[in-house]
>>> print(open('target-v3.tsv').read())   # TSV, C-alpha atoms
chain	number	residue	atom	x	y	z
A	261	SER	CA	2.12	-20.45	4.03
A	262	THR	CA	4.66	-22.57	2.14
A	263	HIS	CA	6.84	-22.68	5.26
A	264	CYS	CA	3.85	-23.77	7.40
A	265	ILE	CA	3.01	-26.59	4.96
A	266	SER	CA	6.63	-27.74	4.93
A	267	SER	CA	6.66	-27.66	8.77
A	268	ALA	CA	3.57	-29.88	8.92
A	269	ALA	CA	5.12	-32.28	6.44
A	270	SER	CA	8.28	-32.29	8.54
A	271	ASP	CA	6.28	-33.30	11.65
A	272	VAL	CA	4.73	-36.24	9.78
A	273	TYR	CA	8.15	-37.22	8.49
A	274	LYS	CA	9.55	-37.18	12.04
A	275	ARG	CA	6.88	-39.59	13.24
A	276	GLN	CA	7.64	-41.97	10.40
A	277	GLU	CA	11.34	-41.52	11.14
A	278	VAL	CA	10.82	-42.54	14.78
A	279	LEU	CA	9.10	-45.72	13.65
A	280	GLU	CA	11.77	-46.52	11.08
A	281	ALA	CA	14.61	-45.80	13.52
A	282	SER	CA	13.10	-48.08	16.18
A	283	LYS	CA	12.03	-50.93	13.92
A	284	PHE	CA	15.40	-52.71	13.86
A	285	ALA	CA	15.90	-52.66	17.64
A	286	ALA	CA	12.25	-53.63	18.20
A	287	ALA	CA	12.52	-56.50	15.69
A	288	ASP	CA	15.69	-57.77	17.37
A	289	ALA	CA	14.06	-57.65	20.82
A	290	THR	CA	10.97	-59.42	19.46
A	291	PHE	CA	13.00	-62.10	17.71
A	292	HIS	CA	14.83	-62.95	20.94
A	293	LEU	CA	11.74	-62.35	23.11
A	294	ASP	CA	13.93	-59.98	25.13
A	295	GLY	CA	11.54	-58.04	27.38
A	296	PRO	CA	14.11	-55.66	28.91
A	297	ALA	CA	15.48	-54.78	25.47
A	298	ALA	CA	11.96	-54.19	24.20
A	299	GLN	CA	11.31	-52.02	27.27
A	300	GLU	CA	14.38	-49.89	26.42
A	301	VAL	CA	13.19	-49.49	22.84
A	302	VAL	CA	9.77	-48.34	24.02
A	303	ARG	CA	11.35	-45.96	26.51
A	304	GLY	CA	13.46	-44.49	23.72
A	305	VAL	CA	10.39	-44.01	21.52
A	306	LEU	CA	8.66	-42.12	24.33
A	307	GLN	CA	11.48	-39.57	24.28
A	308	TYR	CA	9.75	-38.10	21.25
A	309	HIS	CA	7.56	-35.38	22.80
A	310	PRO	CA	4.21	-36.03	21.04
A	311	VAL	CA	4.33	-39.81	21.66
A	312	VAL	CA	2.13	-40.65	24.66
A	313	SER	CA	2.33	-44.45	24.51
A	314	ALA	CA	4.27	-47.17	22.76
A	315	SER	CA	4.13	-50.96	22.72
A	316	ILE	CA	5.92	-53.91	21.12
A	317	SER	CA	4.13	-57.19	20.56
A	318	ASN	CA	5.01	-60.44	18.74
A	319	GLU	CA	3.10	-62.02	15.88
A	320	GLU	CA	0.80	-63.81	18.31
A	321	GLY	CA	-0.20	-60.54	19.96
A	322	PHE	CA	1.81	-61.05	23.14
A	323	VAL	CA	2.95	-57.67	24.45
A	324	LEU	CA	6.67	-57.66	25.23
A	325	ALA	CA	6.80	-54.05	26.42
A	326	SER	CA	4.36	-51.20	26.80
A	327	LEU	CA	4.71	-47.73	28.34
A	328	ASN	CA	2.39	-44.75	28.72
A	329	LYS	CA	3.18	-41.17	29.56
A	330	ASN	CA	1.30	-39.87	32.57
A	331	GLY	CA	-1.13	-37.08	31.80
A	332	GLY	CA	-1.80	-37.84	28.15
A	333	THR	CA	-3.25	-34.79	26.39
A	334	GLU	CA	-4.68	-33.32	29.57
A	335	GLY	CA	-3.30	-30.10	31.02
A	336	SER	CA	-2.72	-26.58	29.87
A	337	GLU	CA	0.13	-27.53	27.52
A	338	SER	CA	-2.19	-28.79	24.79
A	339	ALA	CA	-5.34	-26.95	25.76
A	340	SER	CA	-4.79	-24.36	23.01
A	341	TYR	CA	-4.59	-27.00	20.30
A	342	GLN	CA	-7.71	-29.07	20.93
A	343	VAL	CA	-8.88	-28.27	17.40
A	344	PHE	CA	-6.74	-31.28	16.37
A	345	ASP	CA	-7.66	-34.92	17.06
A	346	ASN	CA	-6.46	-36.07	20.46
A	347	ASN	CA	-4.64	-39.29	19.53
A	348	LYS	CA	-3.54	-41.11	16.44
A	349	THR	CA	-1.94	-44.55	16.32
A	350	PHE	CA	0.93	-45.44	14.00
A	351	THR	CA	2.00	-49.05	13.44
A	352	ALA	CA	5.26	-50.42	12.08
A	353	ARG	CA	5.46	-54.06	10.97
A	354	LEU	CA	8.42	-55.95	12.44
A	355	GLU	CA	9.88	-58.62	10.17
A	356	LEU	CA	13.02	-60.50	9.29
A	357	GLU	CA	15.07	-59.89	6.18
A	358	THR	CA	13.32	-62.88	4.66
A	359	GLY	CA	9.98	-61.14	5.11
A	360	GLU	CA	8.79	-63.34	7.99
A	361	GLU	CA	6.62	-61.31	10.36
A	362	LEU	CA	7.86	-61.03	13.93
A	363	GLY	CA	5.31	-58.60	15.41
A	364	LYS	CA	4.55	-54.93	15.41
A	365	LEU	CA	5.58	-51.67	17.00
A	366	GLU	CA	2.71	-49.31	17.83
A	367	ILE	CA	3.01	-45.71	18.95
A	368	GLU	CA	0.19	-43.41	19.95
A	369	VAL	CA	0.74	-39.74	19.12
A	370	ASP	CA	-1.03	-36.82	20.73
A	371	GLN	CA	-2.03	-34.71	17.74
A	372	ALA	CA	-2.31	-31.60	19.87
A	373	LEU	CA	1.27	-31.94	21.13
A	374	ALA	CA	2.48	-32.79	17.62
A	375	ALA	CA	0.79	-29.68	16.26
A	376	GLN	CA	2.15	-27.45	19.00
A	377	GLY	CA	5.38	-26.64	17.19
A	378	PHE	CA	3.54	-26.27	13.89
A	379	VAL	CA	1.03	-23.81	15.36
A	380	ASP	CA	3.73	-21.87	17.19
A	381	ARG	CA	5.74	-21.55	14.00
A	382	SER	CA	2.63	-20.57	12.05
A	383	VAL	CA	1.76	-17.83	14.54
A	384	LEU	CA	5.35	-16.57	14.46
A	385	ILE	CA	5.34	-16.52	10.65
A	386	ILE	CA	1.99	-14.69	10.56
A	387	ILE	CA	3.13	-12.08	13.10
A	388	SER	CA	6.47	-11.57	11.35
A	389	GLY	CA	4.61	-11.27	8.03
A	390	LEU	CA	2.29	-8.63	9.45
A	391	VAL	CA	5.20	-6.68	10.93
A	392	ARG	CA	7.06	-6.90	7.63
A	393	ASN	CA	4.01	-5.72	5.68
A	394	VAL	CA	3.43	-2.82	8.08
A	395	LEU	CA	7.07	-1.74	7.81
A	396	LEU	CA	6.93	-2.06	4.04
A	397	SER	CA	3.75	0.03	3.97
A	398	LEU	CA	5.37	2.73	6.11
A	399	ILE	CA	8.41	2.79	3.83
A	400	LEU	CA	6.19	3.06	0.75
A	401	ILE	CA	4.18	5.87	2.37
A	402	PHE	CA	7.41	7.72	3.25
A	403	VAL	CA	8.79	7.31	-0.28
A	404	PHE	CA	5.45	8.24	-1.86
A	405	HIS	CA	5.20	11.35	0.33
A	406	HIS	CA	8.68	12.61	-0.57
A	407	THR	CA	8.55	11.73	-4.26
A	408	ILE	CA	4.94	12.58	-5.16
A	409	THR	CA	2.75	14.03	-2.40
A	410	LYS	CA	5.23	16.70	-1.31
A	411	LYS	CA	5.71	17.91	-4.89
A	412	LEU	CA	1.98	17.86	-5.57
A	413	VAL	CA	1.42	20.04	-2.49
A	414	SER	CA	4.12	22.42	-3.76
A	415	ILE	CA	2.39	22.63	-7.15
A	416	SER	CA	-0.96	23.23	-5.45
A	417	ASN	CA	0.47	26.05	-3.31
A	418	ARG	CA	1.99	27.75	-6.35
A	419	LEU	CA	-1.30	27.53	-8.21
A	420	ALA	CA	-3.05	29.09	-5.19
A	421	ASP	CA	-0.64	32.07	-5.39
A	422	VAL	CA	-1.28	32.72	-9.08
A	423	ASP	CA	-2.44	36.28	-9.82
A	424	ILE	CA	-5.13	35.99	-12.45
A	425	LYS	CA	-4.13	39.41	-13.83
A	426	ASN	CA	-0.51	38.37	-14.28
A	427	PRO	CA	-0.25	34.55	-14.24
A	428	HIS	CA	3.00	34.48	-16.20
A	429	GLU	CA	5.01	35.58	-13.14
A	430	HIS	CA	4.01	32.46	-11.20
A	431	ARG	CA	5.36	29.80	-13.53
A	432	ILE	CA	6.46	26.64	-11.72
A	433	PRO	CA	10.21	25.94	-12.09
A	434	GLU	CA	10.63	22.66	-13.92
A	435	GLY	CA	14.24	22.18	-12.81
A	436	SER	CA	13.18	20.69	-9.46
A	437	PHE	CA	11.54	17.72	-11.24
A	438	LYS	CA	13.01	14.83	-13.19
A	439	LYS	CA	13.50	15.26	-16.91
A	440	THR	CA	10.89	12.60	-17.56
A	441	GLY	CA	7.84	11.54	-15.63
A	442	GLU	CA	4.22	12.36	-14.95
A	443	LEU	CA	4.98	15.22	-12.54
A	444	ARG	CA	7.31	16.91	-15.06
A	445	ASP	CA	4.60	16.59	-17.72
A	446	LEU	CA	2.02	18.00	-15.31
A	447	VAL	CA	4.21	21.00	-14.45
A	448	HIS	CA	4.96	21.60	-18.13
A	449	THR	CA	1.23	21.52	-18.95
A	450	ILE	CA	0.42	23.93	-16.09
A	451	ASN	CA	3.12	26.37	-17.22
A	452	ARG	CA	1.84	26.15	-20.79
A	453	MET	CA	-1.69	26.86	-19.55
A	454	LEU	CA	-0.44	29.89	-17.56
A	455	SER	CA	1.37	31.18	-20.66
A	456	ILE	CA	-1.80	30.83	-22.74
A	457	ILE	CA	-3.84	32.66	-20.08
A	458	ALA	CA	-1.23	35.45	-19.87
A	459	SER	CA	-1.20	35.75	-23.66
A	460	ASP	CA	-5.01	35.97	-23.75
A	461	ILE	CA	-4.96	38.68	-21.07
A	462	GLU	CA	-2.36	40.71	-23.00
A	463	GLU	CA	-4.38	40.40	-26.21
A	464	ARG	CA	-7.56	41.47	-24.39
A	465	GLU	CA	-5.80	44.52	-22.92
A	466	LEU	CA	-4.46	45.48	-26.36
A	467	ARG	CA	-7.95	45.14	-27.84
A	468	GLU	CA	-9.41	47.27	-25.04
A	469	GLN	CA	-6.77	49.96	-25.59
A	470	ALA	CA	-7.40	49.95	-29.35
A	471	LEU	CA	-11.14	50.14	-28.75
A	472	LEU	CA	-10.67	53.09	-26.35
A	473	LEU	CA	-8.51	54.93	-28.92
A	474	ASN	CA	-11.09	54.28	-31.60
A	475	GLU	CA	-13.88	55.60	-29.37
A	476	THR	CA	-11.82	58.72	-28.55
A	477	GLU	CA	-11.07	59.30	-32.23
A	478	LEU	CA	-14.70	58.85	-33.21
A	479	ALA	CA	-15.84	61.21	-30.47
A	480	TYR	CA	-13.32	63.85	-31.63
A	481	GLN	CA	-14.35	63.51	-35.24
A	482	ALA	CA	-18.02	63.78	-34.28
A	483	ASN	CA	-17.51	67.10	-32.45
A	484	HIS	CA	-14.84	68.85	-34.57
A	485	ASP	CA	-14.53	70.11	-38.10
A	486	THR	CA	-12.34	67.91	-40.22
A	487	LEU	CA	-10.72	70.77	-42.16
A	488	THR	CA	-10.08	73.38	-39.44
A	489	GLY	CA	-10.12	71.19	-36.33
A	490	LEU	CA	-12.51	73.65	-34.66
A	491	VAL	CA	-15.53	72.61	-32.66
A	492	ASN	CA	-18.45	72.07	-35.04
A	493	ARG	CA	-22.12	72.81	-34.51
A	494	ARG	CA	-22.74	69.53	-32.72
A	495	GLY	CA	-19.79	70.13	-30.38
A	496	PHE	CA	-21.02	73.68	-29.78
A	497	GLU	CA	-24.51	72.45	-28.86
A	498	ARG	CA	-23.01	69.82	-26.50
A	499	HIS	CA	-20.89	72.45	-24.72
A	500	MET	CA	-23.88	74.86	-24.59
A	501	SER	CA	-26.15	72.16	-23.11
A	502	SER	CA	-23.54	71.33	-20.47
A	503	ALA	CA	-23.14	75.02	-19.56
A	504	LEU	CA	-26.88	75.58	-19.22
A	505	GLU	CA	-27.23	72.48	-17.05
A	506	SER	CA	-24.39	73.54	-14.71
A	507	SER	CA	-25.80	77.06	-14.44
A	508	GLN	CA	-29.17	75.72	-13.36
A	509	LEU	CA	-27.77	73.22	-10.87
A	510	ASP	CA	-24.74	75.07	-9.50
A	511	HIS	CA	-25.66	78.66	-10.48
A	512	ALA	CA	-22.43	78.79	-12.44
A	513	GLU	CA	-21.72	81.69	-14.87
A	514	HIS	CA	-20.40	81.19	-18.39
A	515	VAL	CA	-19.02	83.52	-21.04
A	516	LEU	CA	-19.51	82.98	-24.78
A	517	CYS	CA	-16.86	84.48	-27.07
>>> encode(input="target-v3.tsv", output="structure tokens")
Amino acid sequence: STHCISSAASDVYKRQEVLEASKFAAADATFHLDGPAAQEVVRGVLQYHPVVSASISNEEGFVLASLNKNGGTEGSESASYQVFDNNKTFTARLELETGEELGKLEIEVDQALAAQGFVDRSVLIIISGLVRNVLLSLILIFVFHHTITKKLVSISNRLADVDIKNPHEHRIPEGSFKKTGELRDLVHTINRMLSIIASDIEERELREQALLLNETELAYQANHDTLTGLVNRRGFERHMSSALESSQLDHAEHVLC
């Protein structure tokens, strides 16, 4: 946008420059009432593309020279820029070094033609800016994918493979990540969580084993004599009840010694 503004300012400066550059020759032609010289000055001013007409007149309003470009603003060349005013007149005062007025130089500028270069440059800048932004976005997406997304997908896949019965075997190697950073912290936290889960599972298994041993010990003590280790009355009745039940269901035979 800064370049577009500077381009517009440059176009205005060029118009003023044309007037300033032609003032001396126009003043000289006016001072000597030299029509052919004035005609050459006007013809030179018309070499500037946006200028469609130019005239030189003395202080009494007598026109020494005047030229118009054929076609004006009509035609396809300026049809795309009709959003601008068609014509604008610029006047330069012709005077002697003493300040005495000799006449004036007038040029008529087609605003559409003057804006043509400005609009073309603006469109080019906008298109190049869009292309640059798209390329920058693609580069950022590529970098983001290889530095973050790809590693996040790897972490996700490893978490999907975790065996809940043995999570400690599926720790994520931290060596593939930078020593510092959010991803390294995330991996470290996940590994710590897996270690805690594995520790809880081991403690639960130990508790279950201890509970099973306690139940077995209690069952043995309930059915055996503490002194001799022989089956007590309760154990005898349990065995007898089991034997009677199997004999009724399966017609099994039992011997009591």
>>> residues_near_point(input="target-v3.tsv", point="(-6.4, 31.3, -14.3)", cutoff="7 Å", atoms="only C-alpha atoms", output="ChimeraX atom specification")
/A:424,427,454,457
>>> residues_around(input="target-v3.tsv", residues="range 363-378 of chain A", least_positions_apart="2", cutoff="6 Å", atoms="all atoms listed in the file", output="list in words")
Pro310, Val311, Val312, Ser313, Ala314, Ser315, Ile316, Ser317, Asn318, Glu319, Ser338, Tyr341, Phe344, Asp345, Asn346, Asn347, Lys348, Thr349, Phe350, Thr351, Ala352, Arg353, Leu354, Glu361, Asp380 and Arg381 of chain A
>>> atom_distance(input="target-v3.tsv", atom1="CA of Ser397 in chain A", atom2="CA of Val413 in chain A")
21.2 Å
>>> closest_residue(input="target-v3.tsv", among="A:Gly441, A:Pro433, A:Gly295, A:Gly495", to="Ser414 in chain A", atoms="only C-alpha atoms")
A:Pro433
>>> atom_distance(input="target-v3.tsv", atom1="CA of Leu516 in chain A", atom2="CA of Gly489 in chain A")
19.0 Å
>>> build_atoms(input="target-v3.tsv", residues="range 441-452 of chain A", atoms="all heavy atoms", output="PDB file, in the coordinates of the input")
ATOM      1  N   GLY A 441       8.749  11.990 -16.676  1.00  0.00           N
ATOM      2  CA  GLY A 441       7.840  11.540 -15.630  1.00  0.00           C
ATOM      3  C   GLY A 441       6.532  12.305 -15.664  1.00  0.00           C
ATOM      4  O   GLY A 441       6.408  13.363 -16.312  1.00  0.00           O
ATOM      5  N   GLU A 442       5.545  11.768 -14.947  1.00  0.00           N
ATOM      6  CA  GLU A 442       4.220  12.360 -14.950  1.00  0.00           C
ATOM      7  C   GLU A 442       4.207  13.741 -14.304  1.00  0.00           C
ATOM      8  O   GLU A 442       3.533  14.652 -14.791  1.00  0.00           O
ATOM      9  CB  GLU A 442       3.230  11.435 -14.229  1.00  0.00           C
ATOM     10  CG  GLU A 442       2.926  10.130 -14.939  1.00  0.00           C
ATOM     11  CD  GLU A 442       4.004   9.087 -14.730  1.00  0.00           C
ATOM     12  OE1 GLU A 442       4.981   9.407 -14.010  1.00  0.00           O
ATOM     13  OE2 GLU A 442       3.894   7.976 -15.285  1.00  0.00           O
ATOM     14  N   LEU A 443       4.976  13.920 -13.211  1.00  0.00           N
ATOM     15  CA  LEU A 443       4.980  15.220 -12.540  1.00  0.00           C
ATOM     16  C   LEU A 443       5.604  16.289 -13.431  1.00  0.00           C
ATOM     17  O   LEU A 443       5.119  17.428 -13.472  1.00  0.00           O
ATOM     18  CB  LEU A 443       5.743  15.113 -11.209  1.00  0.00           C
ATOM     19  CG  LEU A 443       5.036  14.345 -10.086  1.00  0.00           C
ATOM     20  CD1 LEU A 443       5.923  14.270  -8.854  1.00  0.00           C
ATOM     21  CD2 LEU A 443       3.711  14.999  -9.736  1.00  0.00           C
ATOM     22  N   ARG A 444       6.679  15.946 -14.144  1.00  0.00           N
ATOM     23  CA  ARG A 444       7.310  16.910 -15.060  1.00  0.00           C
ATOM     24  C   ARG A 444       6.325  17.275 -16.166  1.00  0.00           C
ATOM     25  O   ARG A 444       6.209  18.456 -16.555  1.00  0.00           O
ATOM     26  CB  ARG A 444       8.582  16.307 -15.628  1.00  0.00           C
ATOM     27  CG  ARG A 444       9.357  17.227 -16.587  1.00  0.00           C
ATOM     28  CD  ARG A 444       9.854  18.463 -15.876  1.00  0.00           C
ATOM     29  NE  ARG A 444      10.655  19.307 -16.743  1.00  0.00           N
ATOM     30  CZ  ARG A 444      11.975  19.259 -16.809  1.00  0.00           C
ATOM     31  NH1 ARG A 444      12.648  18.397 -16.061  1.00  0.00           N
ATOM     32  NH2 ARG A 444      12.643  20.071 -17.607  1.00  0.00           N
ATOM     33  N   ASP A 445       5.604  16.304 -16.691  1.00  0.00           N
ATOM     34  CA  ASP A 445       4.600  16.590 -17.720  1.00  0.00           C
ATOM     35  C   ASP A 445       3.490  17.465 -17.174  1.00  0.00           C
ATOM     36  O   ASP A 445       3.008  18.374 -17.868  1.00  0.00           O
ATOM     37  CB  ASP A 445       4.019  15.275 -18.260  1.00  0.00           C
ATOM     38  CG  ASP A 445       5.068  14.442 -18.991  1.00  0.00           C
ATOM     39  OD1 ASP A 445       6.079  15.017 -19.408  1.00  0.00           O
ATOM     40  OD2 ASP A 445       4.860  13.215 -19.111  1.00  0.00           O
ATOM     41  N   LEU A 446       3.073  17.199 -15.923  1.00  0.00           N
ATOM     42  CA  LEU A 446       2.020  18.000 -15.310  1.00  0.00           C
ATOM     43  C   LEU A 446       2.467  19.451 -15.141  1.00  0.00           C
ATOM     44  O   LEU A 446       1.717  20.393 -15.472  1.00  0.00           O
ATOM     45  CB  LEU A 446       1.642  17.400 -13.954  1.00  0.00           C
ATOM     46  CG  LEU A 446       0.624  18.197 -13.112  1.00  0.00           C
ATOM     47  CD1 LEU A 446      -0.706  18.276 -13.842  1.00  0.00           C
ATOM     48  CD2 LEU A 446       0.444  17.542 -11.745  1.00  0.00           C
ATOM     49  N   VAL A 447       3.688  19.649 -14.635  1.00  0.00           N
ATOM     50  CA  VAL A 447       4.210  21.000 -14.450  1.00  0.00           C
ATOM     51  C   VAL A 447       4.338  21.718 -15.796  1.00  0.00           C
ATOM     52  O   VAL A 447       4.001  22.901 -15.924  1.00  0.00           O
ATOM     53  CB  VAL A 447       5.572  20.939 -13.721  1.00  0.00           C
ATOM     54  CG1 VAL A 447       6.238  22.308 -13.715  1.00  0.00           C
ATOM     55  CG2 VAL A 447       5.380  20.456 -12.291  1.00  0.00           C
ATOM     56  N   HIS A 448       4.818  21.000 -16.799  1.00  0.00           N
ATOM     57  CA  HIS A 448       4.960  21.600 -18.130  1.00  0.00           C
ATOM     58  C   HIS A 448       3.596  22.019 -18.676  1.00  0.00           C
ATOM     59  O   HIS A 448       3.452  23.114 -19.262  1.00  0.00           O
ATOM     60  CB  HIS A 448       5.624  20.594 -19.069  1.00  0.00           C
ATOM     61  CG  HIS A 448       5.786  21.101 -20.472  1.00  0.00           C
ATOM     62  ND1 HIS A 448       6.722  22.061 -20.809  1.00  0.00           N
ATOM     63  CD2 HIS A 448       5.106  20.803 -21.621  1.00  0.00           C
ATOM     64  CE1 HIS A 448       6.617  22.334 -22.097  1.00  0.00           C
ATOM     65  NE2 HIS A 448       5.657  21.576 -22.618  1.00  0.00           N
ATOM     66  N   THR A 449       2.578  21.196 -18.474  1.00  0.00           N
ATOM     67  CA  THR A 449       1.230  21.520 -18.950  1.00  0.00           C
ATOM     68  C   THR A 449       0.667  22.734 -18.205  1.00  0.00           C
ATOM     69  O   THR A 449       0.026  23.605 -18.815  1.00  0.00           O
ATOM     70  CB  THR A 449       0.305  20.309 -18.762  1.00  0.00           C
ATOM     71  OG1 THR A 449       0.848  19.179 -19.449  1.00  0.00           O
ATOM     72  CG2 THR A 449      -1.088  20.593 -19.294  1.00  0.00           C
ATOM     73  N   ILE A 450       0.909  22.786 -16.869  1.00  0.00           N
ATOM     74  CA  ILE A 450       0.420  23.930 -16.090  1.00  0.00           C
ATOM     75  C   ILE A 450       1.103  25.214 -16.548  1.00  0.00           C
ATOM     76  O   ILE A 450       0.440  26.254 -16.730  1.00  0.00           O
ATOM     77  CB  ILE A 450       0.675  23.677 -14.589  1.00  0.00           C
ATOM     78  CG1 ILE A 450      -0.223  22.540 -14.074  1.00  0.00           C
ATOM     79  CG2 ILE A 450       0.403  24.948 -13.781  1.00  0.00           C
ATOM     80  CD1 ILE A 450       0.051  22.143 -12.639  1.00  0.00           C
ATOM     81  N   ASN A 451       2.407  25.175 -16.751  1.00  0.00           N
ATOM     82  CA  ASN A 451       3.120  26.370 -17.220  1.00  0.00           C
ATOM     83  C   ASN A 451       2.627  26.794 -18.604  1.00  0.00           C
ATOM     84  O   ASN A 451       2.508  27.998 -18.893  1.00  0.00           O
ATOM     85  CB  ASN A 451       4.618  26.093 -17.258  1.00  0.00           C
ATOM     86  CG  ASN A 451       5.231  26.042 -15.869  1.00  0.00           C
ATOM     87  OD1 ASN A 451       4.700  26.624 -14.928  1.00  0.00           O
ATOM     88  ND2 ASN A 451       6.343  25.345 -15.728  1.00  0.00           N
ATOM     89  N   ARG A 452       2.363  25.830 -19.452  1.00  0.00           N
ATOM     90  CA  ARG A 452       1.840  26.150 -20.790  1.00  0.00           C
ATOM     91  C   ARG A 452       0.458  26.785 -20.675  1.00  0.00           C
ATOM     92  O   ARG A 452       0.141  27.744 -21.399  1.00  0.00           O
ATOM     93  CB  ARG A 452       1.772  24.872 -21.619  1.00  0.00           C
ATOM     94  CG  ARG A 452       1.392  25.081 -23.070  1.00  0.00           C
ATOM     95  CD  ARG A 452       1.662  23.822 -23.878  1.00  0.00           C
ATOM     96  NE  ARG A 452       1.203  23.967 -25.238  1.00  0.00           N
ATOM     97  CZ  ARG A 452      -0.012  23.641 -25.673  1.00  0.00           C
ATOM     98  NH1 ARG A 452      -0.882  23.114 -24.807  1.00  0.00           N
ATOM     99  NH2 ARG A 452      -0.370  23.815 -26.924  1.00  0.00           N
TER     100      ARG A 452
END
